[in-house]
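Peer 1: My structure file query38.cif, mmCIF, N, CA and C atoms, is below:
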data_model
#
loop_
_atom_site.label_atom_id
_atom_site.label_comp_id
_atom_site.auth_asym_id
_atom_site.auth_seq_id
_atom_site.Cartn_x
_atom_site.Cartn_y
_atom_site.Cartn_z
N MET A 1 15.80 -14.50 -40.58
CA MET A 1 14.61 -14.62 -39.74
C MET A 1 13.74 -15.73 -40.30
N ALA A 2 13.23 -16.57 -39.43
CA ALA A 2 12.39 -17.68 -39.82
C ALA A 2 11.00 -17.18 -40.22
N SER A 3 10.42 -17.86 -41.20
CA SER A 3 9.08 -17.50 -41.64
C SER A 3 8.07 -18.03 -40.63
N ASN A 4 6.83 -17.56 -40.74
CA ASN A 4 5.78 -18.05 -39.84
C ASN A 4 5.56 -19.54 -40.00
N GLN A 5 5.68 -20.03 -41.25
CA GLN A 5 5.52 -21.46 -41.51
C GLN A 5 6.63 -22.25 -40.80
N GLN A 6 7.86 -21.75 -40.85
CA GLN A 6 8.97 -22.42 -40.19
C GLN A 6 8.81 -22.39 -38.67
N ILE A 7 8.33 -21.28 -38.15
CA ILE A 7 8.10 -21.17 -36.70
C ILE A 7 7.05 -22.19 -36.26
N GLU A 8 5.97 -22.32 -37.03
CA GLU A 8 4.93 -23.30 -36.70
C GLU A 8 5.47 -24.72 -36.78
N ALA A 9 6.31 -25.01 -37.79
CA ALA A 9 6.92 -26.34 -37.91
C ALA A 9 7.82 -26.62 -36.71
N ASN A 10 8.58 -25.61 -36.29
CA ASN A 10 9.45 -25.78 -35.12
C ASN A 10 8.62 -26.05 -33.87
N ARG A 11 7.52 -25.35 -33.72
CA ARG A 11 6.67 -25.55 -32.55
C ARG A 11 6.05 -26.95 -32.56
N THR A 12 5.62 -27.40 -33.74
CA THR A 12 5.05 -28.74 -33.86
C THR A 12 6.09 -29.79 -33.49
N ASN A 13 7.30 -29.63 -33.99
CA ASN A 13 8.38 -30.57 -33.67
C ASN A 13 8.71 -30.53 -32.18
N ALA A 14 8.68 -29.36 -31.59
CA ALA A 14 9.00 -29.22 -30.18
C ALA A 14 7.97 -29.93 -29.30
N LYS A 15 6.72 -29.96 -29.74
CA LYS A 15 5.68 -30.64 -28.98
C LYS A 15 5.93 -32.14 -28.93
N ARG A 16 6.58 -32.68 -29.95
CA ARG A 16 6.88 -34.11 -29.99
C ARG A 16 8.11 -34.46 -29.17
N SER A 17 8.88 -33.46 -28.78
CA SER A 17 10.09 -33.71 -28.01
C SER A 17 9.73 -34.27 -26.64
N THR A 18 10.43 -35.29 -26.23
CA THR A 18 10.12 -35.94 -24.96
C THR A 18 11.14 -35.64 -23.88
N GLY A 19 12.19 -34.94 -24.21
CA GLY A 19 13.19 -34.60 -23.20
C GLY A 19 14.18 -35.71 -22.96
N PRO A 20 14.93 -35.61 -21.89
CA PRO A 20 15.96 -36.61 -21.61
C PRO A 20 15.35 -37.96 -21.25
N LYS A 21 16.03 -39.04 -21.63
CA LYS A 21 15.51 -40.40 -21.39
C LYS A 21 16.19 -41.08 -20.21
N THR A 22 17.47 -40.80 -20.00
CA THR A 22 18.21 -41.49 -18.95
C THR A 22 18.04 -40.80 -17.60
N VAL A 23 18.27 -41.56 -16.54
CA VAL A 23 18.15 -41.00 -15.19
C VAL A 23 19.16 -39.87 -14.98
N PRO A 24 20.45 -40.03 -15.38
CA PRO A 24 21.37 -38.90 -15.21
C PRO A 24 20.96 -37.67 -16.03
N GLY A 25 20.43 -37.91 -17.23
CA GLY A 25 19.98 -36.79 -18.06
C GLY A 25 18.81 -36.05 -17.43
N LYS A 26 17.89 -36.81 -16.86
CA LYS A 26 16.74 -36.19 -16.18
C LYS A 26 17.20 -35.41 -14.95
N ALA A 27 18.15 -35.98 -14.21
CA ALA A 27 18.65 -35.30 -13.02
C ALA A 27 19.35 -34.00 -13.39
N LYS A 28 20.13 -34.05 -14.46
CA LYS A 28 20.85 -32.84 -14.88
C LYS A 28 19.88 -31.77 -15.37
N SER A 29 18.91 -32.15 -16.18
CA SER A 29 17.98 -31.16 -16.73
C SER A 29 17.06 -30.60 -15.65
N SER A 30 16.79 -31.37 -14.60
CA SER A 30 15.90 -30.86 -13.55
C SER A 30 16.54 -29.73 -12.76
N GLY A 31 17.86 -29.65 -12.78
CA GLY A 31 18.54 -28.59 -12.05
C GLY A 31 18.85 -27.36 -12.87
N ASN A 32 18.54 -27.40 -14.17
CA ASN A 32 18.89 -26.28 -15.04
C ASN A 32 18.22 -24.98 -14.61
N ALA A 33 16.94 -25.03 -14.33
CA ALA A 33 16.22 -23.80 -13.97
C ALA A 33 16.66 -23.27 -12.61
N LEU A 34 17.13 -24.16 -11.75
CA LEU A 34 17.57 -23.71 -10.43
C LEU A 34 18.91 -22.98 -10.49
N ARG A 35 19.69 -23.27 -11.51
CA ARG A 35 21.02 -22.67 -11.61
C ARG A 35 20.95 -21.17 -11.83
N HIS A 36 20.12 -20.72 -12.77
CA HIS A 36 20.08 -19.29 -13.07
C HIS A 36 18.67 -18.75 -13.23
N GLY A 37 17.66 -19.61 -13.37
CA GLY A 37 16.28 -19.16 -13.46
C GLY A 37 15.87 -18.60 -14.82
N LEU A 38 16.72 -18.74 -15.83
CA LEU A 38 16.40 -18.15 -17.12
C LEU A 38 15.40 -18.98 -17.92
N ALA A 39 15.23 -20.24 -17.57
CA ALA A 39 14.31 -21.09 -18.33
C ALA A 39 12.85 -20.85 -17.95
N ARG A 40 12.62 -20.22 -16.83
CA ARG A 40 11.23 -19.98 -16.42
C ARG A 40 10.72 -18.70 -17.07
N GLY A 41 9.40 -18.64 -17.21
CA GLY A 41 8.80 -17.47 -17.82
C GLY A 41 8.35 -16.45 -16.79
N CYS A 42 7.97 -15.28 -17.28
CA CYS A 42 7.44 -14.23 -16.40
C CYS A 42 5.99 -14.59 -16.06
N LYS A 43 5.60 -14.30 -14.85
CA LYS A 43 4.23 -14.58 -14.44
C LYS A 43 3.37 -13.36 -14.67
N ARG A 44 2.19 -13.59 -15.24
CA ARG A 44 1.29 -12.48 -15.54
C ARG A 44 0.74 -11.82 -14.29
N ASP A 45 0.65 -12.56 -13.21
CA ASP A 45 0.08 -11.98 -11.99
C ASP A 45 1.10 -11.16 -11.20
N ASN A 46 2.32 -11.10 -11.67
CA ASN A 46 3.36 -10.30 -11.04
C ASN A 46 3.04 -8.81 -11.25
N PRO A 47 3.03 -8.00 -10.20
CA PRO A 47 2.70 -6.58 -10.35
C PRO A 47 3.68 -5.83 -11.27
N GLU A 48 4.95 -6.20 -11.24
CA GLU A 48 5.92 -5.55 -12.12
C GLU A 48 5.61 -5.85 -13.58
N PHE A 49 5.19 -7.09 -13.85
CA PHE A 49 4.83 -7.46 -15.22
C PHE A 49 3.62 -6.66 -15.69
N ALA A 50 2.63 -6.51 -14.80
CA ALA A 50 1.43 -5.73 -15.14
C ALA A 50 1.79 -4.27 -15.41
N ARG A 51 2.69 -3.70 -14.60
CA ARG A 51 3.11 -2.31 -14.83
C ARG A 51 3.85 -2.18 -16.16
N LEU A 52 4.66 -3.17 -16.48
CA LEU A 52 5.38 -3.14 -17.75
C LEU A 52 4.41 -3.20 -18.93
N MET A 53 3.39 -4.04 -18.82
CA MET A 53 2.38 -4.11 -19.90
C MET A 53 1.67 -2.77 -20.08
N VAL A 54 1.31 -2.13 -18.98
CA VAL A 54 0.64 -0.82 -19.05
C VAL A 54 1.58 0.20 -19.69
N ALA A 55 2.84 0.18 -19.31
CA ALA A 55 3.81 1.13 -19.88
C ALA A 55 3.98 0.90 -21.38
N ILE A 56 4.00 -0.35 -21.80
CA ILE A 56 4.15 -0.66 -23.22
C ILE A 56 2.92 -0.18 -23.98
N ARG A 57 1.74 -0.48 -23.45
CA ARG A 57 0.51 -0.08 -24.15
C ARG A 57 0.35 1.43 -24.21
N SER A 58 0.73 2.13 -23.15
CA SER A 58 0.56 3.59 -23.14
C SER A 58 1.69 4.30 -23.88
N GLY A 59 2.83 3.65 -24.01
CA GLY A 59 3.98 4.29 -24.65
C GLY A 59 3.96 4.25 -26.16
N LEU A 60 3.12 3.41 -26.73
CA LEU A 60 3.05 3.31 -28.18
C LEU A 60 1.96 4.23 -28.72
N ALA A 61 2.20 4.73 -29.90
CA ALA A 61 1.25 5.66 -30.52
C ALA A 61 -0.01 4.93 -30.99
N CYS A 62 0.11 3.64 -31.29
CA CYS A 62 -1.05 2.90 -31.79
C CYS A 62 -1.65 2.04 -30.67
N GLU A 63 -2.88 1.65 -30.85
CA GLU A 63 -3.57 0.80 -29.88
C GLU A 63 -3.17 -0.65 -30.14
N ILE A 64 -2.74 -1.34 -29.08
CA ILE A 64 -2.36 -2.75 -29.23
C ILE A 64 -3.17 -3.59 -28.26
N GLY A 65 -3.32 -4.86 -28.60
CA GLY A 65 -4.07 -5.78 -27.76
C GLY A 65 -3.27 -6.25 -26.56
N LEU A 66 -3.98 -6.87 -25.63
CA LEU A 66 -3.33 -7.37 -24.42
C LEU A 66 -2.32 -8.46 -24.74
N GLU A 67 -2.65 -9.34 -25.69
CA GLU A 67 -1.75 -10.44 -26.02
C GLU A 67 -0.44 -9.93 -26.61
N THR A 68 -0.52 -8.93 -27.46
CA THR A 68 0.69 -8.35 -28.04
C THR A 68 1.52 -7.66 -26.97
N ALA A 69 0.86 -6.90 -26.11
CA ALA A 69 1.57 -6.23 -25.02
C ALA A 69 2.21 -7.26 -24.09
N ALA A 70 1.50 -8.36 -23.84
CA ALA A 70 2.05 -9.41 -22.98
C ALA A 70 3.26 -10.07 -23.64
N ALA A 71 3.19 -10.29 -24.95
CA ALA A 71 4.33 -10.90 -25.66
C ALA A 71 5.56 -10.01 -25.59
N VAL A 72 5.37 -8.71 -25.80
CA VAL A 72 6.50 -7.77 -25.71
C VAL A 72 7.02 -7.73 -24.27
N ALA A 73 6.12 -7.71 -23.30
CA ALA A 73 6.53 -7.66 -21.90
C ALA A 73 7.29 -8.93 -21.49
N HIS A 74 6.84 -10.09 -21.97
CA HIS A 74 7.55 -11.34 -21.68
C HIS A 74 8.98 -11.27 -22.22
N ALA A 75 9.11 -10.82 -23.46
CA ALA A 75 10.44 -10.72 -24.07
C ALA A 75 11.32 -9.75 -23.29
N LYS A 76 10.75 -8.62 -22.89
CA LYS A 76 11.52 -7.64 -22.11
C LYS A 76 11.95 -8.22 -20.76
N CYS A 77 11.05 -8.95 -20.10
CA CYS A 77 11.40 -9.59 -18.82
C CYS A 77 12.53 -10.59 -19.01
N ASP A 78 12.44 -11.38 -20.08
CA ASP A 78 13.50 -12.37 -20.34
C ASP A 78 14.83 -11.68 -20.59
N LEU A 79 14.82 -10.62 -21.37
CA LEU A 79 16.06 -9.87 -21.63
C LEU A 79 16.61 -9.27 -20.34
N TRP A 80 15.73 -8.75 -19.51
CA TRP A 80 16.15 -8.16 -18.24
C TRP A 80 16.82 -9.20 -17.36
N ARG A 81 16.22 -10.42 -17.29
CA ARG A 81 16.81 -11.47 -16.46
C ARG A 81 18.17 -11.91 -16.99
N VAL A 82 18.31 -12.02 -18.32
CA VAL A 82 19.60 -12.38 -18.91
C VAL A 82 20.64 -11.34 -18.53
N ARG A 83 20.28 -10.09 -18.62
CA ARG A 83 21.24 -9.02 -18.31
C ARG A 83 21.61 -9.01 -16.83
N LEU A 84 20.67 -9.33 -15.96
CA LEU A 84 20.98 -9.42 -14.53
C LEU A 84 21.97 -10.55 -14.25
N VAL A 85 21.75 -11.70 -14.89
CA VAL A 85 22.66 -12.83 -14.70
C VAL A 85 24.04 -12.48 -15.25
N ARG A 86 24.07 -11.82 -16.40
CA ARG A 86 25.36 -11.42 -16.99
C ARG A 86 26.10 -10.47 -16.05
N GLN A 87 25.38 -9.51 -15.48
CA GLN A 87 26.02 -8.57 -14.54
C GLN A 87 26.60 -9.31 -13.34
N ALA A 88 25.85 -10.28 -12.83
CA ALA A 88 26.34 -11.05 -11.68
C ALA A 88 27.59 -11.84 -12.05
N MET A 89 27.60 -12.40 -13.25
CA MET A 89 28.78 -13.15 -13.70
C MET A 89 29.99 -12.23 -13.85
N LEU A 90 29.76 -11.07 -14.42
CA LEU A 90 30.88 -10.13 -14.58
C LEU A 90 31.38 -9.62 -13.23
N ALA A 91 30.48 -9.51 -12.27
CA ALA A 91 30.90 -9.11 -10.92
C ALA A 91 31.77 -10.19 -10.28
N ASP A 92 31.57 -11.45 -10.71
CA ASP A 92 32.36 -12.57 -10.18
C ASP A 92 33.72 -12.72 -10.85
N LEU A 93 34.05 -11.83 -11.76
CA LEU A 93 35.33 -11.95 -12.46
C LEU A 93 36.51 -12.01 -11.50
N TRP A 94 36.40 -11.33 -10.38
CA TRP A 94 37.51 -11.31 -9.42
C TRP A 94 37.63 -12.63 -8.68
N ASP A 95 36.52 -13.36 -8.56
CA ASP A 95 36.51 -14.59 -7.76
C ASP A 95 36.70 -15.87 -8.58
N CYS A 96 36.31 -15.85 -9.85
CA CYS A 96 36.35 -17.05 -10.68
C CYS A 96 37.40 -16.90 -11.77
N PRO A 97 37.89 -18.03 -12.27
CA PRO A 97 38.80 -17.96 -13.42
C PRO A 97 38.08 -17.39 -14.64
N VAL A 98 38.79 -16.62 -15.43
CA VAL A 98 38.21 -15.97 -16.61
C VAL A 98 37.65 -17.00 -17.58
N VAL A 99 38.30 -18.15 -17.70
CA VAL A 99 37.84 -19.18 -18.63
C VAL A 99 36.44 -19.66 -18.24
N ASP A 100 36.21 -19.86 -16.94
CA ASP A 100 34.88 -20.30 -16.49
C ASP A 100 33.82 -19.24 -16.77
N ILE A 101 34.14 -18.00 -16.50
CA ILE A 101 33.18 -16.91 -16.75
C ILE A 101 32.88 -16.81 -18.24
N ALA A 102 33.91 -16.90 -19.08
CA ALA A 102 33.71 -16.81 -20.53
C ALA A 102 32.80 -17.93 -21.02
N ARG A 103 33.00 -19.14 -20.52
CA ARG A 103 32.17 -20.27 -20.93
C ARG A 103 30.72 -20.04 -20.49
N ARG A 104 30.53 -19.57 -19.27
CA ARG A 104 29.18 -19.32 -18.77
C ARG A 104 28.51 -18.17 -19.53
N LEU A 105 29.27 -17.14 -19.88
CA LEU A 105 28.71 -16.03 -20.66
C LEU A 105 28.27 -16.49 -22.04
N ASN A 106 29.04 -17.40 -22.65
CA ASN A 106 28.65 -17.93 -23.95
C ASN A 106 27.33 -18.68 -23.88
N LYS A 107 27.10 -19.37 -22.77
CA LYS A 107 25.84 -20.10 -22.61
C LYS A 107 24.65 -19.15 -22.49
N LEU A 108 24.89 -17.95 -21.98
CA LEU A 108 23.80 -16.97 -21.85
C LEU A 108 23.28 -16.50 -23.20
N GLU A 109 24.12 -16.57 -24.21
CA GLU A 109 23.72 -16.07 -25.53
C GLU A 109 22.48 -16.77 -26.05
N ARG A 110 22.32 -18.06 -25.74
CA ARG A 110 21.15 -18.80 -26.20
C ARG A 110 19.87 -18.16 -25.68
N TYR A 111 19.86 -17.81 -24.40
CA TYR A 111 18.67 -17.21 -23.80
C TYR A 111 18.43 -15.80 -24.34
N GLU A 112 19.51 -15.07 -24.54
CA GLU A 112 19.37 -13.71 -25.06
C GLU A 112 18.86 -13.73 -26.50
N ARG A 113 19.39 -14.63 -27.33
CA ARG A 113 18.90 -14.73 -28.71
C ARG A 113 17.43 -15.08 -28.75
N SER A 114 17.02 -16.00 -27.90
CA SER A 114 15.62 -16.40 -27.86
C SER A 114 14.72 -15.23 -27.45
N ALA A 115 15.13 -14.48 -26.45
CA ALA A 115 14.34 -13.33 -25.99
C ALA A 115 14.29 -12.24 -27.04
N LEU A 116 15.42 -11.99 -27.70
CA LEU A 116 15.44 -10.98 -28.76
C LEU A 116 14.55 -11.38 -29.93
N ALA A 117 14.56 -12.67 -30.29
CA ALA A 117 13.70 -13.14 -31.38
C ALA A 117 12.23 -13.01 -31.01
N ALA A 118 11.89 -13.33 -29.76
CA ALA A 118 10.50 -13.20 -29.31
C ALA A 118 10.07 -11.74 -29.33
N GLN A 119 10.96 -10.86 -28.90
CA GLN A 119 10.65 -9.43 -28.92
C GLN A 119 10.45 -8.95 -30.35
N LYS A 120 11.30 -9.39 -31.24
CA LYS A 120 11.20 -8.98 -32.64
C LYS A 120 9.88 -9.45 -33.25
N ARG A 121 9.49 -10.71 -32.96
CA ARG A 121 8.22 -11.24 -33.47
C ARG A 121 7.05 -10.43 -32.94
N ALA A 122 7.07 -10.13 -31.65
CA ALA A 122 5.97 -9.38 -31.04
C ALA A 122 5.87 -7.98 -31.63
N LEU A 123 7.00 -7.33 -31.82
CA LEU A 123 6.98 -5.97 -32.37
C LEU A 123 6.58 -5.96 -33.84
N ARG A 124 6.95 -7.01 -34.56
CA ARG A 124 6.53 -7.08 -35.97
C ARG A 124 5.03 -7.27 -36.10
N SER A 125 4.41 -7.89 -35.11
CA SER A 125 2.96 -8.09 -35.19
C SER A 125 2.20 -6.77 -35.04
N LEU A 126 2.88 -5.71 -34.64
CA LEU A 126 2.24 -4.40 -34.51
C LEU A 126 1.98 -3.75 -35.86
N ARG A 127 2.66 -4.20 -36.87
CA ARG A 127 2.50 -3.58 -38.20
C ARG A 127 1.15 -3.81 -38.79
#
Any chance you could put this one into structure tokens?
Peer 2:
Amino acid sequence: MASNQQIEANRTNAKRSTGPKTVPGKAKSSGNALRHGLARGCKRDNPEFARLMVAIRSGLACEIGLETAAAVAHAKCDLWRVRLVRQAMLADLWDCPVVDIARRLNKLERYERSALAAQKRALRSLR
């Protein structure tokens, strides 16, 4: 697990990132979110997100702040979306070659790892 100092360094470096430089690279990256929607975040004004935050805050024995509840809810939403995409891919096993499905499932791991790490960070802040 990365330390808080390492996480801050990673965030600082990420702010300097400028993204793709070439026209084909920009075109390819612009379609990434449209393919599966995993790169977008949960919206706070979504009623389901608000219900999830209330459930998280009421389900814990200790009192937590809105930001912590929102962080846990964001991570849970991200995990939920990854699992929905995975289910859809597995349902396509009959229609697509197994090699294609396996490659696409491997790509999902990046999003799942990120969501699990965010959830772990948010839950650790409860201590």
Peer 1: Quick one: DSSP alpha helix (DSSP H) residues in chain A, as an NGL selection string?
Peer 2: :A and (4-16 or 23-30 or 32-36 or 47-59 or 66-91 or 98-124)
Peer 1: Write out, as a tab-separated table, each residue of stretch 77-117 of chain A that has an atom at most 12 Å from stretch 45-50 of chain A, together with the closest pair of atoms and their distance in Å to one decimal, counting only C-alpha atoms, rows going by chain and rising number.
Peer 2:
residue	atom	partner	partner_atom	distance
A:Cys77	CA	A:Phe49	CA	7.8
A:Asp78	CA	A:Phe49	CA	11.2
A:Trp80	CA	A:Phe49	CA	11.7
Peer 1: Would you translate the PyMOL selection byres ((chain A and resi 69) around 8) into the concrete set of residues it matches in this file, as a list in words?
Peer 2: Leu52, Met53, Val54, Ile56, Arg57, Ile64, Gly65, Leu66, Glu67, Thr68, Ala70, Ala71, Val72, Ala73, His74, Ala75 and Ala122 of chain A
Peer 1: Go ahead and compute the interatomic distance for atom C of A:Leu38 and atom N of A:Arg86, in Å to one decimal.
Peer 2: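 Pair atom C of A:Leu38 / atom N of A:Arg86 returns 11.3 Å.
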Peer 1: Just how far from atom CA of A:Ser114 is atom CA of A:Arg81, in Å to one decimal?
Peer 2: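 Distance reported for this atom pair: 12.5 Å.
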Peer 1: Atom CA of A:Ser29 and atom CA of A:Met89, how far apart in Å?
Peer 2: 21.2 Å
